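Below is one structure, written out as structure tokens, with a few remarks after it.
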Amino acid sequence: MVLSVTFLIFRLVMGWLGLFEREPFLASASAALLLGGFWVVVDLAWDVWRRRREERR
């Protein structure tokens, strides 16, 4: 969740500063939620992989 909020704030601030092309808020929020969801899936997959590796030992 922290990653998603940080990413959203980063995109909005960079858009306001003119460093990125400004996007509508919903586009930035959707991208932040997708990034957060992706990160959760990667984290869960990592935990499963690590647990299986420990069981083999």
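Quick note on naming: the chains in the structure tokens go A, B, ... in the order shown, residues restart at 1 in each chain, and ligands are numbered from 1 in order of appearance.
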- If you count only C-alpha atoms, which residues fall within 7 Å of A:Met1, apart from same-chain ones fewer than 3 positions away, as a list in words?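 Selected residues are Ser4, Val5 and Gly36 of chain A.
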Write the selection just made, keeping N, CA and C atoms, as a PDB file, in the first residue's frame?
ATOM      1  N   SER A   4       2.198   1.932  -3.443  1.00  0.00           N
ATOM      2  CA  SER A   4       1.188   2.493  -4.346  1.00  0.00           C
ATOM      3  C   SER A   4       0.964   3.974  -4.088  1.00  0.00           C
ATOM      4  N   VAL A   5       0.855   4.335  -2.824  1.00  0.00           N
ATOM      5  CA  VAL A   5       0.627   5.742  -2.471  1.00  0.00           C
ATOM      6  C   VAL A   5       1.838   6.583  -2.849  1.00  0.00           C
ATOM      7  N   GLY A  36       0.884  -1.661  -7.229  1.00  0.00           N
ATOM      8  CA  GLY A  36       0.732  -2.260  -5.902  1.00  0.00           C
ATOM      9  C   GLY A  36       0.261  -3.701  -5.981  1.00  0.00           C
TER      10      GLY A  36
END
- Check the DSSP output for the backbone and give back, as a ChimeraX atom specification, the residues of chain A in helix (DSSP H, G or I). /A:2-17,25-56
Using N, CA and C atoms, can you write the selected residues to a file as a compact mmCIF listing (two decimals), in the first residue's frame?
# COMPACT_ATOMS: atom_id res chain seq x y z
N VAL A 2 1.93 1.22 0.79
CA VAL A 2 2.82 2.37 0.86
C VAL A 2 3.46 2.62 -0.51
N LEU A 3 3.83 1.54 -1.20
CA LEU A 3 4.42 1.67 -2.52
C LEU A 3 3.44 2.33 -3.49
N SER A 4 2.20 1.93 -3.44
CA SER A 4 1.19 2.49 -4.35
C SER A 4 0.96 3.97 -4.09
N VAL A 5 0.85 4.33 -2.82
CA VAL A 5 0.63 5.74 -2.47
C VAL A 5 1.84 6.58 -2.85
N THR A 6 3.03 6.08 -2.58
CA THR A 6 4.25 6.81 -2.94
C THR A 6 4.35 7.00 -4.45
N PHE A 7 4.03 5.96 -5.20
CA PHE A 7 4.07 6.05 -6.65
C PHE A 7 3.05 7.05 -7.17
N LEU A 8 1.85 7.06 -6.58
CA LEU A 8 0.82 8.01 -6.99
C LEU A 8 1.26 9.44 -6.72
N ILE A 9 1.78 9.69 -5.54
CA ILE A 9 2.25 11.04 -5.19
C ILE A 9 3.40 11.45 -6.11
N PHE A 10 4.32 10.54 -6.37
CA PHE A 10 5.44 10.83 -7.26
C PHE A 10 4.95 11.24 -8.65
N ARG A 11 4.01 10.48 -9.21
CA ARG A 11 3.51 10.80 -10.55
C ARG A 11 2.78 12.13 -10.58
N LEU A 12 1.99 12.40 -9.55
CA LEU A 12 1.26 13.66 -9.51
C LEU A 12 2.19 14.86 -9.35
N VAL A 13 3.16 14.74 -8.46
CA VAL A 13 4.10 15.85 -8.23
C VAL A 13 4.95 16.09 -9.47
N MET A 14 5.46 15.05 -10.09
CA MET A 14 6.28 15.21 -11.28
C MET A 14 5.46 15.82 -12.44
N GLY A 15 4.19 15.49 -12.51
CA GLY A 15 3.32 16.09 -13.52
C GLY A 15 3.12 17.57 -13.26
N TRP A 16 2.91 17.92 -11.99
CA TRP A 16 2.71 19.33 -11.65
C TRP A 16 3.97 20.14 -11.86
N LEU A 17 5.14 19.54 -11.66
CA LEU A 17 6.40 20.24 -11.88
C LEU A 17 6.77 20.32 -13.36
N PHE A 25 -6.02 12.22 -12.92
CA PHE A 25 -5.82 11.57 -11.63
C PHE A 25 -6.18 10.09 -11.68
N LEU A 26 -7.26 9.75 -12.35
CA LEU A 26 -7.68 8.34 -12.41
C LEU A 26 -6.66 7.47 -13.13
N ALA A 27 -6.00 8.02 -14.13
CA ALA A 27 -4.96 7.26 -14.83
C ALA A 27 -3.78 7.00 -13.89
N SER A 28 -3.39 8.01 -13.13
CA SER A 28 -2.29 7.83 -12.18
C SER A 28 -2.68 6.88 -11.06
N ALA A 29 -3.92 7.00 -10.58
CA ALA A 29 -4.38 6.11 -9.51
C ALA A 29 -4.46 4.67 -10.00
N SER A 30 -4.92 4.47 -11.23
CA SER A 30 -4.99 3.12 -11.78
C SER A 30 -3.59 2.51 -11.91
N ALA A 31 -2.65 3.31 -12.39
CA ALA A 31 -1.28 2.82 -12.52
C ALA A 31 -0.70 2.47 -11.15
N ALA A 32 -0.98 3.29 -10.15
CA ALA A 32 -0.48 3.02 -8.80
C ALA A 32 -1.08 1.74 -8.24
N LEU A 33 -2.38 1.53 -8.46
CA LEU A 33 -3.02 0.31 -7.96
C LEU A 33 -2.50 -0.93 -8.68
N LEU A 34 -2.27 -0.81 -9.97
CA LEU A 34 -1.71 -1.94 -10.71
C LEU A 34 -0.31 -2.28 -10.22
N LEU A 35 0.49 -1.26 -9.98
CA LEU A 35 1.84 -1.49 -9.45
C LEU A 35 1.77 -2.15 -8.08
N GLY A 36 0.88 -1.66 -7.23
CA GLY A 36 0.73 -2.26 -5.90
C GLY A 36 0.26 -3.70 -5.98
N GLY A 37 -0.69 -3.98 -6.84
CA GLY A 37 -1.18 -5.35 -7.02
C GLY A 37 -0.09 -6.26 -7.55
N PHE A 38 0.66 -5.77 -8.51
CA PHE A 38 1.77 -6.55 -9.05
C PHE A 38 2.79 -6.86 -7.97
N TRP A 39 3.08 -5.87 -7.12
CA TRP A 39 4.06 -6.07 -6.06
C TRP A 39 3.59 -7.11 -5.05
N VAL A 40 2.30 -7.11 -4.74
CA VAL A 40 1.74 -8.10 -3.82
C VAL A 40 1.89 -9.50 -4.41
N VAL A 41 1.61 -9.66 -5.69
CA VAL A 41 1.74 -10.97 -6.34
C VAL A 41 3.19 -11.43 -6.33
N VAL A 42 4.11 -10.54 -6.62
CA VAL A 42 5.54 -10.90 -6.59
C VAL A 42 5.96 -11.29 -5.18
N ASP A 43 5.49 -10.55 -4.19
CA ASP A 43 5.84 -10.86 -2.80
C ASP A 43 5.29 -12.22 -2.38
N LEU A 44 4.05 -12.51 -2.74
CA LEU A 44 3.47 -13.82 -2.40
C LEU A 44 4.21 -14.95 -3.10
N ALA A 45 4.55 -14.75 -4.36
CA ALA A 45 5.30 -15.78 -5.09
C ALA A 45 6.67 -16.00 -4.45
N TRP A 46 7.31 -14.94 -4.02
CA TRP A 46 8.60 -15.05 -3.36
C TRP A 46 8.48 -15.86 -2.06
N ASP A 47 7.43 -15.60 -1.27
CA ASP A 47 7.23 -16.33 -0.03
C ASP A 47 7.00 -17.82 -0.30
N VAL A 48 6.21 -18.14 -1.31
CA VAL A 48 5.96 -19.54 -1.65
C VAL A 48 7.25 -20.21 -2.09
N TRP A 49 8.02 -19.55 -2.94
CA TRP A 49 9.28 -20.11 -3.41
C TRP A 49 10.24 -20.35 -2.24
N ARG A 50 10.34 -19.39 -1.34
CA ARG A 50 11.25 -19.52 -0.19
C ARG A 50 10.80 -20.64 0.74
N ARG A 51 9.49 -20.75 0.96
CA ARG A 51 8.97 -21.81 1.84
C ARG A 51 9.25 -23.19 1.24
N ARG A 52 9.05 -23.34 -0.06
CA ARG A 52 9.35 -24.63 -0.71
C ARG A 52 10.83 -24.96 -0.66
N ARG A 53 11.65 -23.95 -0.79
CA ARG A 53 13.10 -24.16 -0.74
C ARG A 53 13.53 -24.60 0.66
N GLU A 54 12.92 -24.01 1.70
CA GLU A 54 13.26 -24.40 3.06
C GLU A 54 12.78 -25.81 3.37
N GLU A 55 11.66 -26.24 2.78
CA GLU A 55 11.16 -27.59 3.03
C GLU A 55 12.07 -28.65 2.44
N ARG A 56 12.77 -28.33 1.36
CA ARG A 56 13.66 -29.30 0.73
C ARG A 56 14.90 -29.56 1.56
